[in-house]
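Just structure.csv here, CSV, C-alpha atoms and all ligand atoms:
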```
chain,number,residue,atom,x,y,z
A,21,MET,CA,40.6,-18.3,20.9
A,22,SER,CA,38.6,-21.5,21.3
A,23,ILE,CA,37.3,-23.8,24.0
A,24,ASP,CA,36.5,-27.5,23.8
A,25,ALA,CA,32.7,-26.9,23.7
A,26,PRO,CA,31.3,-28.8,20.7
A,27,SER,CA,28.8,-26.1,19.9
A,28,TRP,CA,27.8,-22.5,20.6
A,29,SER,CA,25.8,-21.9,23.7
A,30,ARG,CA,22.0,-21.6,23.5
A,31,ALA,CA,22.2,-17.9,24.1
A,32,GLN,CA,24.9,-17.4,21.4
A,33,ARG,CA,22.8,-19.4,18.9
A,34,ARG,CA,19.7,-17.4,19.7
A,35,LEU,CA,21.5,-14.1,19.4
A,36,HIS,CA,23.1,-15.1,16.1
A,37,TRP,CA,19.7,-15.9,14.4
A,38,THR,CA,17.8,-13.1,16.0
A,39,THR,CA,20.5,-10.6,14.9
A,40,ALA,CA,20.4,-12.0,11.3
A,41,ALA,CA,16.6,-11.8,11.2
A,42,LEU,CA,16.5,-8.2,12.6
A,43,VAL,CA,19.3,-7.0,10.2
A,44,ALA,CA,17.3,-8.4,7.2
A,45,THR,CA,14.1,-6.9,8.4
A,46,GLY,CA,15.7,-3.5,9.2
A,47,PHE,CA,17.4,-3.5,5.8
A,48,ALA,CA,14.2,-4.3,3.8
A,49,LEU,CA,12.2,-1.7,5.9
A,50,ALA,CA,14.8,1.0,5.1
A,51,TRP,CA,14.0,1.0,1.4
A,52,ILE,CA,10.2,0.8,2.0
A,53,MET,CA,10.2,3.7,4.5
A,54,VAL,CA,12.2,6.1,2.3
A,55,GLY,CA,9.9,5.3,-0.6
A,56,VAL,CA,6.7,6.1,1.3
A,57,SER,CA,5.3,9.4,0.1
A,58,THR,CA,5.2,12.4,2.6
A,59,ASP,CA,1.4,12.4,1.8
A,60,ASP,CA,1.4,9.4,4.2
A,61,LEU,CA,3.3,11.2,6.9
A,62,LEU,CA,2.1,9.2,9.8
A,63,LEU,CA,2.9,5.9,8.1
A,64,LYS,CA,6.3,7.2,7.1
A,65,PHE,CA,7.0,8.4,10.7
A,66,LEU,CA,6.0,5.0,12.2
A,67,LEU,CA,8.1,3.0,9.7
A,68,TYR,CA,11.1,5.2,10.5
A,69,GLN,CA,10.6,4.7,14.2
A,70,LEU,CA,10.3,0.9,13.7
A,71,HIS,CA,13.5,1.0,11.6
A,72,LYS,CA,15.3,2.9,14.3
A,73,THR,CA,14.0,0.6,17.0
A,74,ILE,CA,15.1,-2.5,15.1
A,75,GLY,CA,18.6,-1.0,14.6
A,76,LEU,CA,19.0,0.0,18.2
A,77,ILE,CA,18.0,-3.6,19.3
A,78,VAL,CA,20.6,-4.9,16.8
A,79,LEU,CA,23.2,-2.7,18.5
A,80,ALA,CA,22.3,-4.0,22.0
A,81,LEU,CA,22.3,-7.6,20.8
A,82,VAL,CA,25.7,-7.2,19.1
A,83,LEU,CA,27.2,-5.8,22.3
A,84,LEU,CA,25.8,-8.7,24.2
A,85,ARG,CA,27.2,-11.1,21.7
A,86,LEU,CA,30.7,-9.6,22.0
A,87,LEU,CA,30.4,-9.9,25.8
A,88,LEU,CA,29.4,-13.5,25.6
A,89,ARG,CA,32.2,-14.2,23.0
A,90,GLY,CA,34.7,-12.7,25.4
A,91,LEU,CA,33.3,-14.6,28.4
A,92,ARG,CA,32.6,-18.0,26.8
A,93,ARG,CA,34.7,-17.7,23.7
A,94,ARG,CA,33.8,-20.1,20.8
A,95,PRO,CA,33.9,-23.8,20.0
A,96,ALA,CA,37.0,-25.3,18.4
A,97,HIS,CA,37.5,-24.8,14.6
A,98,ASP,CA,36.5,-27.7,12.3
A,99,ALA,CA,40.0,-29.3,11.7
A,100,ARG,CA,38.9,-30.4,8.2
A,101,ILE,CA,38.8,-26.8,7.1
A,102,PRO,CA,42.3,-25.6,6.0
A,103,PRO,CA,44.0,-23.0,8.2
A,104,ALA,CA,44.0,-20.4,5.4
A,105,LEU,CA,40.2,-20.7,5.1
A,106,GLN,CA,39.8,-20.5,8.9
A,107,THR,CA,41.9,-17.3,8.9
A,108,ALA,CA,39.7,-15.9,6.1
A,109,ALA,CA,36.6,-16.8,8.1
A,110,ALA,CA,37.9,-15.2,11.2
A,111,GLY,CA,38.7,-12.0,9.2
A,112,MET,CA,35.2,-12.1,7.8
A,113,GLN,CA,33.7,-12.3,11.3
A,114,VAL,CA,35.8,-9.3,12.5
A,115,CYS,CA,34.4,-7.3,9.5
A,116,LEU,CA,30.9,-8.5,10.2
A,117,TYR,CA,31.2,-7.4,13.9
A,118,GLY,CA,32.7,-4.1,12.8
A,119,LEU,CA,29.8,-3.4,10.4
A,120,LEU,CA,27.2,-4.7,12.9
A,121,LEU,CA,28.4,-1.9,15.3
A,122,ALA,CA,29.1,0.8,12.7
A,123,VAL,CA,25.7,0.5,10.8
A,124,PRO,CA,23.5,1.2,13.9
A,125,VAL,CA,25.9,3.9,15.2
A,126,LEU,CA,25.9,5.7,11.8
A,127,GLY,CA,22.1,5.3,11.7
A,128,TYR,CA,21.7,6.9,15.1
A,129,LEU,CA,23.9,9.8,13.9
A,130,VAL,CA,21.9,10.1,10.7
A,131,ALA,CA,18.7,10.3,12.8
A,132,ALA,CA,20.3,12.9,15.2
A,133,THR,CA,21.6,15.2,12.5
A,134,ALA,CA,18.6,15.0,10.3
A,135,PRO,CA,17.0,18.4,9.6
A,136,GLY,CA,13.7,18.9,11.3
A,137,GLY,CA,14.7,17.5,14.7
A,138,ILE,CA,12.6,14.4,14.4
A,139,PRO,CA,12.8,12.4,17.7
A,140,THR,CA,14.0,8.8,17.9
A,141,LEU,CA,11.3,6.9,19.8
A,142,PHE,CA,12.4,3.4,20.9
A,143,LEU,CA,9.4,1.1,20.6
A,144,GLY,CA,7.4,4.1,19.5
A,145,PHE,CA,7.3,5.9,22.9
A,146,LEU,CA,10.7,5.9,24.7
A,147,ARG,CA,12.6,9.0,23.6
A,148,VAL,CA,16.3,8.3,22.9
A,149,PRO,CA,18.4,11.4,23.5
A,150,HIS,CA,20.3,12.7,20.5
A,151,ILE,CA,23.8,13.5,21.6
A,152,VAL,CA,24.3,15.8,18.6
A,153,GLY,CA,21.8,18.3,17.0
A,154,ALA,CA,20.4,18.7,13.5
A,155,ASP,CA,23.2,19.5,11.1
A,156,PRO,CA,22.4,19.4,7.3
A,157,ALA,CA,26.1,19.1,6.3
A,158,TRP,CA,26.8,16.2,8.6
A,159,PHE,CA,23.4,14.6,7.6
A,160,ALA,CA,24.4,14.8,3.9
A,161,ALA,CA,27.7,13.0,4.6
A,162,LEU,CA,26.4,10.4,7.1
A,163,ARG,CA,23.3,9.3,5.2
A,164,PRO,CA,25.2,7.7,2.3
A,165,ALA,CA,27.8,6.3,4.8
A,166,HIS,CA,25.0,4.6,6.7
A,167,ARG,CA,23.4,3.3,3.5
A,168,LEU,CA,26.7,2.0,2.1
A,169,ALA,CA,27.8,0.4,5.4
A,170,ALA,CA,24.3,-1.3,5.5
A,171,ILE,CA,24.7,-2.7,2.0
A,172,ALA,CA,28.2,-3.9,2.8
A,173,LEU,CA,26.9,-5.6,5.9
A,174,VAL,CA,24.2,-7.4,4.0
A,175,VAL,CA,26.5,-8.4,1.1
A,176,LEU,CA,29.1,-9.7,3.6
A,177,ALA,CA,26.5,-11.6,5.7
A,178,SER,CA,25.2,-13.2,2.5
A,179,GLY,CA,28.7,-14.3,1.6
A,180,HIS,CA,29.1,-15.6,5.2
A,181,ALA,CA,25.9,-17.6,4.8
A,182,LEU,CA,26.9,-19.1,1.4
A,183,VAL,CA,30.3,-20.2,2.8
A,184,ALA,CA,28.5,-21.8,5.8
A,185,LEU,CA,26.2,-23.7,3.4
A,186,TYR,CA,29.1,-24.7,1.2
A,187,HIS,CA,30.9,-26.3,4.2
A,188,HIS,CA,27.7,-27.8,5.4
A,189,GLY,CA,27.3,-29.5,2.0
A,190,ARG,CA,30.8,-31.0,2.4
A,191,GLY,CA,29.9,-32.6,5.8
A,192,SER,CA,31.3,-29.9,8.1
A,193,PRO,CA,29.3,-29.3,11.4
A,194,VAL,CA,29.8,-25.5,11.3
A,195,LEU,CA,26.2,-24.7,10.3
A,196,THR,CA,24.6,-27.5,12.4
A,197,ARG,CA,26.3,-26.4,15.6
A,198,MET,CA,25.1,-22.8,15.2
A,199,TRP,CA,21.5,-24.2,14.7
A,200,ARG,CA,21.4,-26.7,17.6
A,201,ARG,CA,23.5,-28.2,20.3
A,202,ALA,CA,25.9,-30.8,18.9
A,203,ALA,CA,25.1,-34.4,19.9
B,301,LIG,C1,21.2,-3.2,11.5
B,301,LIG,C2,20.8,-1.9,11.6
B,301,LIG,C3,20.5,-1.0,10.4
B,301,LIG,C4,20.4,-1.3,9.0
B,301,LIG,C5,20.7,-2.6,8.3
B,301,LIG,C6,20.0,-0.1,8.4
B,301,LIG,C7,19.8,0.1,7.0
B,301,LIG,C8,19.5,1.3,6.4
B,301,LIG,C9,19.5,1.5,5.0
B,301,LIG,C10,19.9,0.5,3.9
B,301,LIG,C11,19.1,2.8,4.8
B,301,LIG,C12,19.0,3.5,3.4
B,301,LIG,C13,17.9,4.1,3.0
B,301,LIG,C14,18.3,5.2,2.0
B,301,LIG,O1,19.0,6.2,2.4
B,301,LIG,O2,17.9,5.2,0.9
B,301,LIG,C15,18.8,3.4,6.1
B,301,LIG,C16,18.3,4.6,6.3
B,301,LIG,C17,18.1,5.2,7.5
B,301,LIG,N1,18.4,4.7,8.8
B,301,LIG,FE1,19.1,2.8,9.1
B,301,LIG,N2,19.8,0.9,9.4
B,301,LIG,C18,20.1,0.4,10.6
B,301,LIG,C19,20.1,1.0,11.8
B,301,LIG,C20,19.6,2.3,12.0
B,301,LIG,C21,19.5,2.9,13.3
B,301,LIG,C22,19.9,2.3,14.7
B,301,LIG,C23,19.0,4.2,13.1
B,301,LIG,C24,18.7,5.3,14.1
B,301,LIG,C25,18.5,5.1,15.4
B,301,LIG,C26,18.8,4.3,11.7
B,301,LIG,C27,18.3,5.4,11.1
B,301,LIG,C28,18.1,5.6,9.7
B,301,LIG,C29,17.5,6.7,9.1
B,301,LIG,C30,17.0,8.0,9.9
B,301,LIG,C31,17.5,6.5,7.8
B,301,LIG,C32,16.9,7.4,6.7
B,301,LIG,C33,17.8,8.5,6.2
B,301,LIG,C34,17.0,9.2,5.2
B,301,LIG,O3,16.2,10.0,5.6
B,301,LIG,O4,17.2,9.0,4.0
B,301,LIG,N3,19.2,3.1,11.1
B,301,LIG,N4,19.1,2.4,7.0
```
Please lay out the structure from this file as structure tokens.
Amino acid sequence: MSIDAPSWSRAQRRLHWTTAALVATGFALAWIMVGVSTDDLLLKFLLYQLHKTIGLIVLALVLLRLLLRGLRRRPAHDARIPPALQTAAAGMQVCLYGLLLAVPVLGYLVAATAPGGIPTLFLGFLRVPHIVGADPAWFAALRPAHRLAAIALVVLASGHALVALYHHGRGSPVLTRMWRRAA
């Protein structure tokens, strides 16, 4: 679906770059937090809470993006890009949205099923209810699923960025119009 708008709206552009920055930060933080020794329990706890907060913000922003996408839709495709590549790009975007939803939901379930009943504190103080309780068997299955989905998300998002840079280099406005309003 497309409209004649030459560029994405300001809200859509801000949501795009904020989501990208938060996913990159949450991903990097994940490897740091699991590596922190339990001797530094407070630091480890705080890093986990920061990771969970970032992930929950990503989930909220993605839901908002999907709402805006439904309401405002998107600018027209660049006619210079062949239809087959446009279809591939659309497929990639569907996968990206799927992973952007799946990764935080899996993360939430990992946190909820983790042994020890560690709370999820949004921004460090707002307790997020866990809809399921601690369950070691589910935790053991969900943990690698969350990690793998997060790696797939970052790999796909990197591919998406490289493709955008490639088209930008060939004079397409696809990257510029996600950065600022088209003239
Ligand atoms: C964009 C969002 C997210 C990304 C990119 C992400 C990424 C990751 C990655 C790569 C790991 C792997 C660390 C490892 O197991 O070695 C991880 C672990 C973890 N994530 Fe997320 N995550 C996200 C959202 C969330 C959310 C929303 C929550 C909970 C509310 C969460 C909770 C956890 C927990 C508890 C672990 C550690 C599991 C363990 O103890 O090993 N994540 N995350």
Would you list the residues that come within 9 Å of ligand LIG 301 (chain B)? Count all atoms listed in the file and give the answer as a ChimeraX atom specification.
/A:39-40,42-55,68-69,71-79,119-134,138,140-142,148,159,162-164,166-171,173-174
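Put simply, CA of Cys115 in chain A is 16.1 Å away from CA of Ala184 in chain A.
Proximity of A:Thr38, A:Pro135, A:Ala108, A:Gln32 to Gly90 in chain A, computed with all atoms listed in the file, is greatest for A:Gln32.
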Can you tell me, as number ranges by chain, which residues sit within 9 Å of (35.5, -28.9, 9.4) in the file's frame, using only C-alpha atoms?
A: 97-102, 187-188, 190-194
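One distance worth recording is that between CA of Arg201 in chain A and CA of Arg30 in chain A, which is 7.5 Å.
Going from CA of Val82 in chain A to CA of Ala157 in chain A covers 29.3 Å.
Shortest separation to Leu86 in chain A among A:Trp37, A:Tyr117, A:Phe65, A:Trp28 occurs at residue A:Tyr117, atoms counted being only C-alpha atoms.
With distances taken over all atoms listed in the file, A:Leu105 is the one residue among A:Leu105, A:Leu143, A:Arg197, A:Leu67 lying closest to Val183 in chain A.
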